[in-house]
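Text of query_16.cif (mmCIF, C-alpha atoms) as supplied:
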data_work
loop_
_atom_site.label_atom_id
_atom_site.label_comp_id
_atom_site.auth_asym_id
_atom_site.auth_seq_id
_atom_site.Cartn_x
_atom_site.Cartn_y
_atom_site.Cartn_z
CA MET A 1 43.39 -16.36 -1.54
CA ASN A 2 43.57 -19.44 -3.66
CA GLU A 3 44.34 -19.04 -7.29
CA HIS A 4 41.18 -17.61 -8.90
CA ASP A 5 38.97 -18.19 -5.90
CA ARG A 6 36.36 -15.99 -7.44
CA THR A 7 33.76 -16.70 -4.82
CA GLN A 8 35.69 -14.36 -2.52
CA LEU A 9 35.26 -11.54 -5.01
CA GLY A 10 31.56 -11.00 -4.39
CA ALA A 11 31.97 -10.38 -0.69
CA TYR A 12 35.11 -8.37 -1.48
CA ALA A 13 33.21 -6.11 -3.89
CA LEU A 14 30.50 -5.63 -1.31
CA GLY A 15 33.03 -4.77 1.37
CA ALA A 16 32.01 -7.63 3.62
CA LEU A 17 35.31 -9.48 4.09
CA GLU A 18 37.49 -9.39 7.18
CA PRO A 19 40.65 -7.25 6.90
CA GLY A 20 42.86 -10.34 6.69
CA GLU A 21 40.80 -11.75 3.81
CA VAL A 22 40.83 -8.41 2.05
CA ALA A 23 44.63 -8.39 2.17
CA GLU A 24 44.74 -11.87 0.63
CA VAL A 25 42.41 -10.87 -2.19
CA ASP A 26 44.37 -7.66 -2.78
CA GLU A 27 47.53 -9.69 -3.08
CA HIS A 28 46.00 -11.96 -5.66
CA LEU A 29 44.39 -9.11 -7.60
CA ALA A 30 47.76 -7.41 -7.94
CA THR A 31 48.95 -10.29 -10.07
CA CYS A 32 45.76 -11.43 -11.81
CA ALA A 33 44.25 -9.31 -14.59
CA GLU A 34 41.46 -11.84 -15.06
CA CYS A 35 40.23 -11.43 -11.50
CA ARG A 36 40.58 -7.66 -11.73
CA ALA A 37 38.31 -7.68 -14.78
CA GLU A 38 35.84 -9.88 -12.98
CA LEU A 39 35.93 -7.60 -9.95
CA ALA A 40 35.22 -4.58 -12.14
CA GLU A 41 32.06 -6.29 -13.38
CA LEU A 42 30.94 -7.12 -9.86
CA GLU A 43 31.60 -3.59 -8.71
CA GLU A 44 29.46 -2.30 -11.51
CA MET A 45 26.61 -4.34 -10.02
CA LYS A 46 27.37 -2.84 -6.65
CA ASP A 47 26.89 0.60 -8.21
CA PHE A 48 23.52 -0.53 -9.55
CA LEU A 49 22.51 -1.69 -6.08
CA GLY A 50 23.19 1.87 -4.95
CA GLU A 51 20.18 2.98 -7.01
CA VAL A 52 17.94 1.29 -4.50
CA PRO A 53 17.64 2.82 -1.04
CA PRO A 54 18.17 0.50 1.93
CA GLU A 55 14.64 1.27 3.11
CA ALA A 56 13.39 -0.67 0.10
CA PHE A 57 13.82 -3.86 2.11
CA LEU A 58 11.58 -2.98 5.00
CA GLU A 59 8.29 -4.84 4.99
CA GLY A 60 4.81 -4.21 6.28
CA PRO A 61 2.88 -1.15 7.31
CA PRO A 62 4.43 1.78 9.16
CA GLU A 63 4.75 1.39 12.90
CA GLY A 64 2.46 3.31 15.17
CA GLY A 65 -1.10 2.94 13.98
CA ASP A 66 -2.93 3.69 10.80
CA LEU A 67 -3.76 7.38 11.10
CA LEU A 68 -1.78 7.96 7.94
CA LEU A 69 -3.79 5.27 6.17
CA GLN A 70 -7.07 6.83 7.29
CA ARG A 71 -5.93 10.24 6.08
CA THR A 72 -4.96 8.82 2.73
CA LEU A 73 -8.26 6.98 2.33
CA ARG A 74 -10.10 10.17 3.19
CA GLU A 75 -8.22 12.04 0.49
CA VAL A 76 -9.03 9.36 -2.07
CA ARG A 77 -12.71 9.47 -1.12
CA GLU A 78 -12.71 13.24 -1.43
CA VAL A 79 -11.14 13.07 -4.86
CA ARG A 80 -13.72 10.53 -5.94
CA GLU A 81 -16.59 12.57 -4.59
CA ALA A 82 -15.22 15.74 -6.09
CA SER A 83 -15.03 14.06 -9.44
CA ALA A 84 -17.79 15.30 -11.72
CA GLU A 85 -18.15 12.00 -13.50
CA PRO A 86 -19.94 9.25 -11.66
CA PRO A 87 -17.60 6.44 -10.67
CA MET A 88 -17.18 4.68 -13.95
CA PRO A 89 -16.69 0.99 -14.34
CA VAL A 90 -13.05 0.40 -14.95
CA PRO A 91 -12.60 -0.57 -18.55
CA VAL A 92 -11.20 -4.02 -19.04
CA LYS A 93 -9.37 -3.00 -22.14
CA ARG A 94 -7.00 -0.22 -21.48
CA SER A 95 -4.50 1.49 -23.65
CA ARG A 96 -1.76 3.95 -22.95
CA SER A 97 -3.88 6.68 -24.42
CA ARG A 98 -6.18 6.49 -21.43
CA TRP A 99 -3.32 7.88 -19.45
CA LEU A 100 -3.43 10.70 -21.81
CA MET A 101 -1.04 13.49 -21.27
CA VAL A 102 -1.81 16.83 -22.77
CA ALA A 103 1.13 19.08 -22.34
CA ALA A 104 0.70 22.40 -24.05
CA ALA A 105 2.95 25.18 -22.90
CA ALA A 106 2.31 25.57 -19.20
CA LEU A 107 -0.88 23.57 -19.22
CA VAL A 108 -0.72 20.06 -17.86
CA VAL A 109 -3.86 18.08 -17.38
CA VAL A 110 -3.88 14.38 -16.72
CA GLY A 111 -7.16 12.59 -17.01
CA GLY A 112 -8.70 9.20 -16.72
CA ALA A 113 -7.76 7.91 -13.31
CA LEU A 114 -9.11 4.66 -11.97
CA GLY A 115 -12.62 5.18 -10.71
CA GLY A 116 -13.20 8.55 -12.29
CA GLY A 117 -11.48 11.33 -14.14
CA VAL A 118 -9.31 13.50 -12.01
CA ALA A 119 -7.58 16.69 -12.96
CA LEU A 120 -4.14 16.64 -11.50
CA GLY A 121 -2.68 19.91 -12.50
CA ARG A 122 -3.22 23.07 -14.38
CA SER A 123 -1.62 26.39 -14.85
CA THR A 124 -2.42 29.99 -15.59
CA ALA A 125 -4.86 29.26 -18.40
CA PRO A 126 -7.86 28.03 -16.45
CA PRO A 127 -9.21 24.97 -18.23
CA GLN A 128 -12.95 24.77 -18.15
CA ALA A 129 -14.01 21.18 -17.96
CA THR A 130 -11.69 19.72 -15.37
CA GLU A 131 -12.33 18.94 -11.76
CA PRO A 132 -10.39 20.68 -9.04
CA ALA A 133 -7.68 18.88 -7.11
CA ALA A 134 -8.45 16.83 -4.04
CA GLY A 135 -9.28 18.66 -0.85
CA TYR A 136 -10.32 21.85 -2.58
CA LYS A 137 -12.67 24.35 -0.96
CA GLU A 138 -15.56 26.07 -2.66
CA VAL A 139 -17.38 29.16 -1.49
CA THR A 140 -19.94 31.32 -3.21
CA ALA A 141 -20.33 34.89 -2.01
CA ILE A 142 -22.68 37.69 -2.97
CA ASP A 143 -22.00 41.31 -2.15
CA THR A 144 -25.34 43.02 -1.66
CA THR A 145 -23.80 46.46 -2.04
CA THR A 146 -21.99 45.95 -5.32
CA GLY A 147 -24.29 43.23 -6.60
CA ALA A 148 -21.31 41.06 -7.53
CA LYS A 149 -21.54 37.33 -7.15
CA MET A 150 -18.44 35.17 -6.93
CA ALA A 151 -18.00 31.41 -6.97
CA THR A 152 -14.57 30.68 -5.54
CA THR A 153 -12.62 27.46 -5.69
CA VAL A 154 -9.36 27.14 -3.79
CA GLU A 155 -7.34 24.07 -4.58
CA PRO A 156 -4.43 22.78 -2.54
CA ARG A 157 -1.03 22.56 -4.11
CA THR A 158 2.23 21.57 -2.56
CA GLY A 159 2.63 24.39 -0.07
CA TRP A 160 0.56 26.85 -2.08
CA SER A 161 -2.93 27.21 -3.51
CA TRP A 162 -4.66 27.69 -6.81
CA VAL A 163 -7.58 30.11 -6.64
CA GLN A 164 -10.20 30.25 -9.32
CA VAL A 165 -13.16 32.59 -9.37
CA GLN A 166 -16.21 33.10 -11.50
CA VAL A 167 -17.54 36.56 -10.97
CA THR A 168 -20.73 38.10 -12.26
CA GLY A 169 -21.86 41.67 -11.76
CA LEU A 170 -18.64 43.27 -12.92
CA LYS A 171 -18.61 46.22 -15.29
CA ALA A 172 -16.82 46.15 -18.60
CA GLY A 173 -13.50 47.91 -18.31
CA ASP A 174 -13.15 47.23 -14.59
CA GLN A 175 -9.53 46.53 -13.76
CA CYS A 176 -9.72 43.81 -11.13
CA GLN A 177 -7.27 42.17 -8.80
CA LEU A 178 -7.66 38.80 -7.21
CA LEU A 179 -6.46 39.14 -3.63
CA VAL A 180 -5.95 36.40 -1.08
CA THR A 181 -5.65 37.12 2.61
CA ASP A 182 -3.94 34.49 4.73
CA SER A 183 -4.74 33.60 8.32
CA ALA A 184 -1.96 35.90 9.53
CA GLY A 185 -3.70 38.83 7.84
CA LYS A 186 -1.24 39.26 5.02
CA THR A 187 -2.76 40.00 1.61
CA TRP A 188 -1.37 38.42 -1.54
CA THR A 189 -2.16 39.30 -5.13
CA ALA A 190 -3.01 36.26 -7.18
CA GLY A 191 -3.29 38.25 -10.40
CA SER A 192 -5.15 41.05 -12.09
CA TRP A 193 -7.24 41.41 -15.24
CA VAL A 194 -9.60 43.70 -17.05
CA VAL A 195 -13.27 42.83 -17.52
CA SER A 196 -14.28 42.49 -21.16
CA GLU A 197 -17.70 43.32 -22.56
CA LYS A 198 -18.43 39.65 -22.83
CA ALA A 199 -17.27 38.92 -19.29
CA ALA A 200 -19.42 41.75 -17.96
CA LYS A 201 -22.38 40.09 -19.59
CA ASN A 202 -21.62 36.42 -18.95
CA GLY A 203 -19.33 36.54 -15.96
CA SER A 204 -15.58 36.60 -15.62
CA THR A 205 -13.50 33.52 -14.95
CA PHE A 206 -10.08 34.11 -13.56
CA GLY A 207 -7.48 32.12 -11.69
CA GLY A 208 -4.15 32.56 -10.04
CA GLY A 209 -1.75 30.97 -7.61
CA VAL A 210 -0.61 32.24 -4.25
CA LEU A 211 2.09 30.95 -1.97
CA VAL A 212 -0.32 30.31 0.87
CA PRO A 213 -1.22 26.74 1.82
CA LEU A 214 -4.93 25.97 1.54
CA ASP A 215 -5.48 25.72 5.28
CA LYS A 216 -4.02 29.20 5.68
CA VAL A 217 -6.26 30.83 3.09
CA HIS A 218 -8.63 33.05 5.01
CA SER A 219 -10.45 34.97 2.34
CA VAL A 220 -10.50 35.77 -1.36
CA GLU A 221 -11.37 39.26 -2.49
CA ILE A 222 -11.92 41.00 -5.78
CA ARG A 223 -10.93 44.63 -5.70
CA THR A 224 -10.40 47.08 -8.51
CA LEU A 225 -6.95 48.51 -9.07
CA GLN A 226 -8.47 51.82 -7.99
CA GLY A 227 -9.15 50.25 -4.62
CA ARG A 228 -12.90 49.73 -4.90
CA HIS A 229 -14.11 46.61 -3.09
CA VAL A 230 -16.17 44.27 -5.26
CA VAL A 231 -16.78 41.06 -3.37
CA THR A 232 -15.13 38.92 -0.68
CA ALA A 233 -15.49 35.23 0.01
CA THR A 234 -14.36 33.89 3.35
CA ILE A 235 -12.92 30.43 2.87
CA MET B 1 -1.60 -3.88 -24.90
CA ALA B 2 -4.15 -5.49 -22.61
CA THR B 3 -6.68 -7.92 -23.90
CA ALA B 4 -9.95 -8.78 -22.27
CA THR B 5 -8.50 -11.87 -20.65
CA GLU B 6 -5.52 -10.17 -19.10
CA PRO B 7 -5.66 -8.83 -15.58
CA LEU B 8 -6.36 -5.15 -15.53
CA LEU B 9 -3.91 -4.30 -12.86
CA VAL B 10 -0.82 -6.29 -12.17
CA LEU B 11 1.15 -4.59 -9.49
CA ALA B 12 4.58 -6.09 -9.13
CA PRO B 13 6.24 -8.99 -10.83
CA ALA B 14 6.65 -12.17 -8.86
CA ASN B 15 7.89 -10.90 -5.53
CA PRO B 16 6.71 -11.35 -1.97
CA GLY B 17 4.87 -8.05 -2.01
CA ILE B 18 2.69 -8.95 -4.93
CA VAL B 19 -0.54 -7.09 -5.44
CA ARG B 20 -2.84 -8.36 -8.08
CA LEU B 21 -6.23 -6.97 -8.82
CA VAL B 22 -8.15 -8.57 -11.60
CA GLY B 23 -10.20 -6.21 -13.66
CA ASP B 24 -13.35 -8.18 -14.25
CA THR B 25 -14.93 -7.16 -10.97
CA PRO B 26 -14.32 -3.44 -10.73
CA GLY B 27 -16.19 -1.77 -7.94
CA PRO B 28 -16.18 1.39 -5.92
CA ASP B 29 -14.02 -0.30 -3.30
CA ASP B 30 -11.15 -0.92 -5.69
CA ALA B 31 -9.46 2.34 -4.84
CA GLU B 32 -9.74 1.67 -1.15
CA THR B 33 -8.49 -1.88 -1.52
CA LEU B 34 -5.56 -0.67 -3.56
CA ILE B 35 -4.58 1.97 -1.00
CA ARG B 36 -4.97 -0.42 1.93
CA THR B 37 -2.91 -3.09 0.23
CA LEU B 38 -0.15 -0.73 -0.78
CA TYR B 39 -0.07 0.74 2.72
CA ALA B 40 0.08 -2.64 4.42
CA GLU B 41 2.88 -3.91 2.21
CA HIS B 42 4.96 -0.86 1.44
CA GLY B 43 4.02 1.71 4.08
CA ARG B 44 6.92 1.08 6.40
CA SER B 45 9.47 1.14 3.61
CA LEU B 46 8.01 4.32 2.11
CA LEU B 47 7.72 6.17 5.39
CA ALA B 48 11.26 5.27 6.45
CA TYR B 49 12.62 6.41 3.09
CA ALA B 50 10.62 9.65 3.08
CA THR B 51 11.65 10.34 6.67
CA ARG B 52 15.31 10.01 5.78
CA LEU B 53 14.93 12.26 2.72
CA THR B 54 12.92 14.96 4.47
CA GLY B 55 14.40 14.64 7.94
CA ASP B 56 10.92 15.27 9.27
CA ARG B 57 8.30 12.72 10.22
CA ALA B 58 5.30 14.97 9.55
CA ALA B 59 6.61 16.00 6.13
CA ALA B 60 7.38 12.34 5.40
CA GLU B 61 3.81 11.34 6.19
CA ASP B 62 2.55 13.93 3.73
CA VAL B 63 4.89 12.53 1.12
CA VAL B 64 3.67 8.98 1.73
CA GLN B 65 0.05 10.11 1.51
CA GLU B 66 0.67 11.86 -1.77
CA THR B 67 2.62 8.88 -3.09
CA LEU B 68 -0.25 6.49 -2.37
CA VAL B 69 -2.80 8.83 -3.91
CA ARG B 70 -0.66 9.08 -7.01
CA ALA B 71 -0.36 5.31 -7.14
CA TRP B 72 -4.13 5.16 -7.23
CA LYS B 73 -4.40 7.89 -9.86
CA HIS B 74 -1.69 6.35 -11.98
CA ALA B 75 -2.55 2.71 -11.38
CA GLY B 76 -2.30 2.16 -15.12
CA ASP B 77 1.38 3.04 -15.11
CA LEU B 78 2.01 0.07 -12.91
CA THR B 79 0.82 -2.28 -15.62
CA THR B 80 3.77 -1.56 -17.85
CA GLY B 81 5.82 -4.18 -16.04
CA ARG B 82 8.83 -1.96 -15.79
CA GLY B 83 10.06 -2.19 -12.26
CA SER B 84 8.40 -3.38 -9.14
CA VAL B 85 5.63 -1.58 -7.33
CA ARG B 86 8.00 -0.92 -4.48
CA GLY B 87 10.46 0.70 -6.84
CA TRP B 88 7.70 2.77 -8.41
CA LEU B 89 6.48 4.00 -5.03
CA LEU B 90 9.97 4.86 -3.79
CA THR B 91 10.73 6.71 -7.00
CA VAL B 92 7.51 8.69 -6.78
CA ALA B 93 8.19 9.51 -3.13
CA ARG B 94 11.64 10.76 -4.05
CA ASN B 95 10.20 12.88 -6.89
CA ILE B 96 7.67 14.42 -4.53
CA VAL B 97 10.39 15.31 -2.05
CA THR B 98 12.44 16.82 -4.87
CA ASP B 99 9.47 18.75 -6.24
CA ARG B 100 8.69 20.17 -2.84
CA ALA B 101 12.24 21.27 -2.29
CA ARG B 102 12.22 22.84 -5.74
CA ALA B 103 8.86 24.52 -5.13
CA ARG B 104 10.28 26.15 -2.03
CA ALA B 105 13.27 27.35 -4.00
CA VAL B 106 11.55 28.97 -6.98
CA ARG B 107 9.51 32.11 -7.30
CA PRO B 108 5.79 31.62 -6.72
CA ALA B 109 4.96 32.50 -10.32
CA GLU B 110 6.95 29.54 -11.53
CA VAL B 111 5.55 27.08 -9.09
CA ALA B 112 2.65 26.39 -11.41
CA ASP B 113 5.03 24.62 -13.74
CA VAL B 114 5.92 21.91 -11.29
CA VAL B 115 2.46 20.87 -10.15
CA ASP B 116 1.89 17.18 -10.14
CA ARG B 117 3.84 16.20 -13.14
CA PRO B 118 3.32 12.55 -13.79
CA PRO B 119 5.82 10.66 -11.72
CA VAL B 120 8.57 8.52 -13.14
CA GLN B 121 8.78 10.74 -16.14
CA SER B 122 12.16 11.18 -17.64
CA ASP B 123 14.35 12.35 -14.85
CA HIS B 124 18.02 13.08 -15.52
CA SER B 125 19.12 10.64 -12.90
CA GLU B 126 17.67 7.65 -14.71
CA SER B 127 19.73 7.98 -17.85
CA VAL B 128 21.27 4.56 -17.44
CA VAL B 129 19.45 2.70 -14.75
CA ASN B 130 17.01 3.63 -12.05
CA THR B 131 15.53 2.38 -8.82
CA MET B 132 12.70 0.58 -10.52
CA VAL B 133 14.94 -1.28 -12.92
CA VAL B 134 17.28 -2.45 -10.18
CA MET B 135 14.41 -3.46 -7.90
CA ASP B 136 12.90 -5.36 -10.76
CA ALA B 137 16.21 -7.11 -11.34
CA LEU B 138 16.46 -7.93 -7.64
CA ASP B 139 13.00 -9.46 -7.88
CA LYS B 140 14.27 -11.78 -10.55
CA VAL B 141 17.24 -13.24 -8.74
CA SER B 142 16.58 -16.07 -6.31
CA PRO B 143 15.52 -15.25 -2.75
CA GLU B 144 18.73 -16.78 -1.37
CA HIS B 145 20.80 -14.50 -3.55
CA ARG B 146 18.69 -11.47 -2.77
CA ASP B 147 18.91 -12.12 0.97
CA VAL B 148 22.68 -12.17 0.85
CA LEU B 149 22.82 -8.90 -1.09
CA VAL B 150 20.43 -7.25 1.35
CA GLN B 151 22.50 -8.40 4.31
CA LEU B 152 25.90 -7.53 2.94
CA TYR B 153 25.12 -4.43 0.93
CA TYR B 154 21.99 -2.76 2.26
CA ARG B 155 22.41 -3.69 5.90
CA GLY B 156 26.20 -3.36 5.79
CA ARG B 157 26.75 -6.68 7.58
CA SER B 158 29.98 -8.65 7.50
CA VAL B 159 30.08 -12.18 6.09
CA ALA B 160 30.12 -13.59 9.62
CA GLU B 161 27.12 -11.50 10.71
CA ALA B 162 25.17 -12.37 7.58
CA ALA B 163 25.98 -16.06 8.06
CA LYS B 164 24.54 -15.94 11.56
CA GLU B 165 21.49 -13.99 10.44
CA LEU B 166 20.74 -16.31 7.55
CA GLY B 167 21.71 -19.51 9.32
CA VAL B 168 24.21 -20.67 6.70
CA PRO B 169 28.01 -21.14 6.86
CA PRO B 170 30.20 -18.12 6.06
CA GLY B 171 31.55 -19.88 2.98
CA THR B 172 28.01 -20.11 1.63
CA VAL B 173 27.45 -16.42 2.20
CA LYS B 174 30.62 -15.69 0.23
CA SER B 175 29.79 -17.91 -2.69
CA ARG B 176 26.18 -16.75 -2.75
CA SER B 177 27.25 -13.12 -2.79
CA TYR B 178 29.43 -13.86 -5.80
CA TYR B 179 26.73 -15.77 -7.65
CA ALA B 180 24.14 -13.18 -6.63
CA LEU B 181 26.12 -10.40 -8.31
CA ARG B 182 26.64 -12.60 -11.37
CA ALA B 183 22.92 -13.37 -11.48
CA LEU B 184 22.09 -9.71 -11.13
CA ARG B 185 24.42 -8.93 -13.99
CA ALA B 186 22.74 -11.55 -16.16
CA VAL B 187 19.30 -10.11 -15.36
CA MET B 188 20.48 -6.58 -16.02
CA ALA B 189 22.04 -7.63 -19.30
CA GLY B 190 18.73 -9.17 -20.28
CA THR B 191 16.83 -5.99 -19.56
CA GLU B 192 19.32 -3.60 -21.05
CA ALA B 193 17.45 -3.43 -24.32
CA GLU B 194 14.35 -2.34 -22.42
CA VAL B 195 16.25 0.05 -20.24
CA SER B 196 17.77 2.07 -23.02
CA ARG B 197 15.01 4.22 -24.33
#

Rewrite the structure of this file - the entire thing - as structure tokens.
Amino acid sequence: MNEHDRTQLGAYALGALEPGEVAEVDEHLATCAECRAELAELEEMKDFLGEVPPEAFLEGPPEGGDLLLQRTLREVREVREASAEPPMPVPVKRSRSRWLMVAAAALVVVGGALGGGVALGRSTAPPQATEPAAGYKEVTAIDTTTGAKMATTVEPRTGWSWVQVQVTGLKAGDQCQLLVTDSAGKTWTAGSWVVSEKAAKNGSTFGGGVLVPLDKVHSVEIRTLQGRHVVTATI
Amino acid sequence: MATATEPLLVLAPANPGIVRLVGDTPGPDDAETLIRTLYAEHGRSLLAYATRLTGDRAAAEDVVQETLVRAWKHAGDLTTGRGSVRGWLLTVARNIVTDRARARAVRPAEVADVVDRPPVQSDHSESVVNTMVVMDALDKVSPEHRDVLVQLYYRGRSVAEAAKELGVPPGTVKSRSYYALRALRAVMAGTEAEVSR
């Protein structure tokens, strides 16, 4: 390598030189602190490049049709339709606060998406005025024997589901469990609670998560801890 | 931040995959247009990346679907100008893959904590520099420089192979690779103030 032929250093740092050229550069680097310093800087850039995956430089749509696109569009439409607010005109002026994040303990609700408010997440405290996640299922069931009525919402999560019920016709003091039966027949407990006086009068709202994907949720049942059946909704 | 005359949604700085939706004509089709555009421009990249991370085409498709839906839900995040759209999408896809792996690993009761956290939130791996910052920097160097870096670094080509691919002499590939790294360094130095937060 010529004295301070720095233009070789870029390809050297990137490992693109032929073995013979590498040997020449090595020989020069052994005697030249200036070029070693320069090389260190270039190698730092090489490390930065490593932050970007090689797939980042592929262009265009995926190969093999647009089924994935159609599925995605369907999900977006479902989210929009599920949204309680009518599609709102997108405000021209927008501030960060629109992308409001309320993080309180285990409760995370993100609101104000383009084209309508969308609730993205929630946890054990069931928030009242948020819309369920995309692709959710809703079933209302009435048990003529017990007189209980249950509105059930099952929302998809990543590999699991969030189940929320509103039950009327329960008696104060009832100790209830929220049970989910999957398509294989296995029953999961999504939580348990006791019915308050107020809930007996106005209806009980309760929610819980189960490690059953939405498409595997067969039914949701309320049963007392004493084993008395209250109401079942088949999803 | 935005004023009435600014575009509502500017996805991507000046790069070939630019998406620009101007906010004065919002309509119900905006979401669909956004998804279609993102899919057409970034779908292949996203799916290939997700497939490598998950090792499973079906799982990768789910990840891409969720990434695009999040892009729609978080379209506002893309107006901050930090990082390219491509970088944002790839970062979100990676976060989704990570979240799913984590969700499988934790007890069900804890899973509720990891639902849909906003993507590109502080993530330990981005303490110094992240995918979006580097992609943004790559957007700012000249196309000739970027091409050489893609050939030599991301495609692992030799100088001779890159020269053939790009139709320039090997000496040009060498000098461009040097100046490309210098240019990248200059861009990164210029953004460092933004990066450290």

>> Set the distance at 12 Å and use only C-alpha atoms: which residues neighbour range 24-36 of chain A once local chain neighbours fewer than 4 positions away are removed? I'd like the list as a PyMOL selection string.
In response: chain A and resi 1-13+15+17-20+40-43

> Where does the PyMOL selection byres ((chain A and resi 150-158) around 9) land in this file, that is, which residues does it pick, as JSON, numbers by chain?
Replying inline: {"A": [121, 132, 133, 134, 135, 136, 137, 138, 139, 140, 141, 142, 143, 148, 149, 159, 160, 161, 162, 163, 164, 165, 166, 167, 168, 169, 213, 214, 215, 217, 220, 222, 231, 232, 233, 235], "B": [99, 100, 103, 115, 116]}

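As for CA of Ala183 in chain B and CA of Asp147 in chain B, they are spaced 13.1 Å apart.
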
> CA of Leu68 in chain A to CA of Val212 in chain A: how many Å, to one decimal?
Replying inline: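 Result for CA of Leu68 in chain A versus CA of Val212 in chain A: 23.5 Å, one decimal.
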
>> Would you compute the distance between CA of Val69 in chain B and CA of His42 in chain B? Give it in Å to one decimal.
In response: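 According to the coordinates, CA of Val69 in chain B and CA of His42 in chain B are separated by 13.5 Å.
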
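Residue nearest Ala162 in chain B, chosen from B:Ser177, B:Gln65, B:Thr54, B:Thr98 and counting only C-alpha atoms: B:Ser177.
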
> Hey, what's within 10 Å of Leu69 in chain A if we count all atoms listed in the file and toss same-chain stuff fewer than 4 positions away? As number ranges by chain, please?
Replying inline: A: 61-62, 65, 73-75; B: 35-36, 38-40, 43, 61, 64-65, 68

Start from the incomplete input, build N, CA, C and O atoms for range 43-55 of chain B, and deliver everything as an mmCIF file, keeping the file's coordinate frame.
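Saved result, part28.cif, follows:
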data_model
loop_
_atom_site.group_PDB
_atom_site.id
_atom_site.type_symbol
_atom_site.label_atom_id
_atom_site.label_comp_id
_atom_site.auth_asym_id
_atom_site.auth_seq_id
_atom_site.Cartn_x
_atom_site.Cartn_y
_atom_site.Cartn_z
ATOM 1 N N GLY B 43 4.087 0.496 3.264
ATOM 2 C CA GLY B 43 4.020 1.710 4.080
ATOM 3 C C GLY B 43 5.268 1.959 4.905
ATOM 4 O O GLY B 43 5.769 3.084 4.963
ATOM 5 N N ARG B 44 5.774 0.898 5.521
ATOM 6 C CA ARG B 44 6.920 1.080 6.400
ATOM 7 C C ARG B 44 8.151 1.510 5.597
ATOM 8 O O ARG B 44 8.885 2.421 5.981
ATOM 9 N N SER B 45 8.346 0.833 4.488
ATOM 10 C CA SER B 45 9.470 1.140 3.610
ATOM 11 C C SER B 45 9.393 2.598 3.117
ATOM 12 O O SER B 45 10.371 3.350 3.190
ATOM 13 N N LEU B 46 8.210 2.975 2.648
ATOM 14 C CA LEU B 46 8.010 4.320 2.110
ATOM 15 C C LEU B 46 8.228 5.397 3.171
ATOM 16 O O LEU B 46 8.894 6.402 2.925
ATOM 17 N N LEU B 47 7.639 5.154 4.342
ATOM 18 C CA LEU B 47 7.720 6.170 5.390
ATOM 19 C C LEU B 47 9.161 6.320 5.883
ATOM 20 O O LEU B 47 9.638 7.441 6.104
ATOM 21 N N ALA B 48 9.865 5.201 6.004
ATOM 22 C CA ALA B 48 11.260 5.270 6.450
ATOM 23 C C ALA B 48 12.109 6.027 5.436
ATOM 24 O O ALA B 48 12.938 6.872 5.786
ATOM 25 N N TYR B 49 11.859 5.739 4.162
ATOM 26 C CA TYR B 49 12.620 6.410 3.090
ATOM 27 C C TYR B 49 12.316 7.904 3.080
ATOM 28 O O TYR B 49 13.217 8.747 3.063
ATOM 29 N N ALA B 50 11.023 8.240 3.117
ATOM 30 C CA ALA B 50 10.620 9.650 3.080
ATOM 31 C C ALA B 50 11.138 10.384 4.318
ATOM 32 O O ALA B 50 11.505 11.555 4.243
ATOM 33 N N THR B 51 11.162 9.698 5.448
ATOM 34 C CA THR B 51 11.650 10.340 6.670
ATOM 35 C C THR B 51 13.138 10.655 6.540
ATOM 36 O O THR B 51 13.591 11.721 6.934
ATOM 37 N N ARG B 52 13.880 9.731 5.954
ATOM 38 C CA ARG B 52 15.310 10.010 5.780
ATOM 39 C C ARG B 52 15.509 11.182 4.810
ATOM 40 O O ARG B 52 16.337 12.053 5.047
ATOM 41 N N LEU B 53 14.739 11.203 3.723
ATOM 42 C CA LEU B 53 14.930 12.260 2.720
ATOM 43 C C LEU B 53 14.504 13.629 3.243
ATOM 44 O O LEU B 53 15.129 14.639 2.924
ATOM 45 N N THR B 54 13.427 13.666 4.020
ATOM 46 C CA THR B 54 12.920 14.960 4.470
ATOM 47 C C THR B 54 13.490 15.353 5.833
ATOM 48 O O THR B 54 13.477 16.519 6.194
ATOM 49 N N GLY B 55 13.924 14.357 6.602
ATOM 50 C CA GLY B 55 14.400 14.640 7.940
ATOM 51 C C GLY B 55 13.295 15.085 8.879
ATOM 52 O O GLY B 55 13.546 15.712 9.896
#
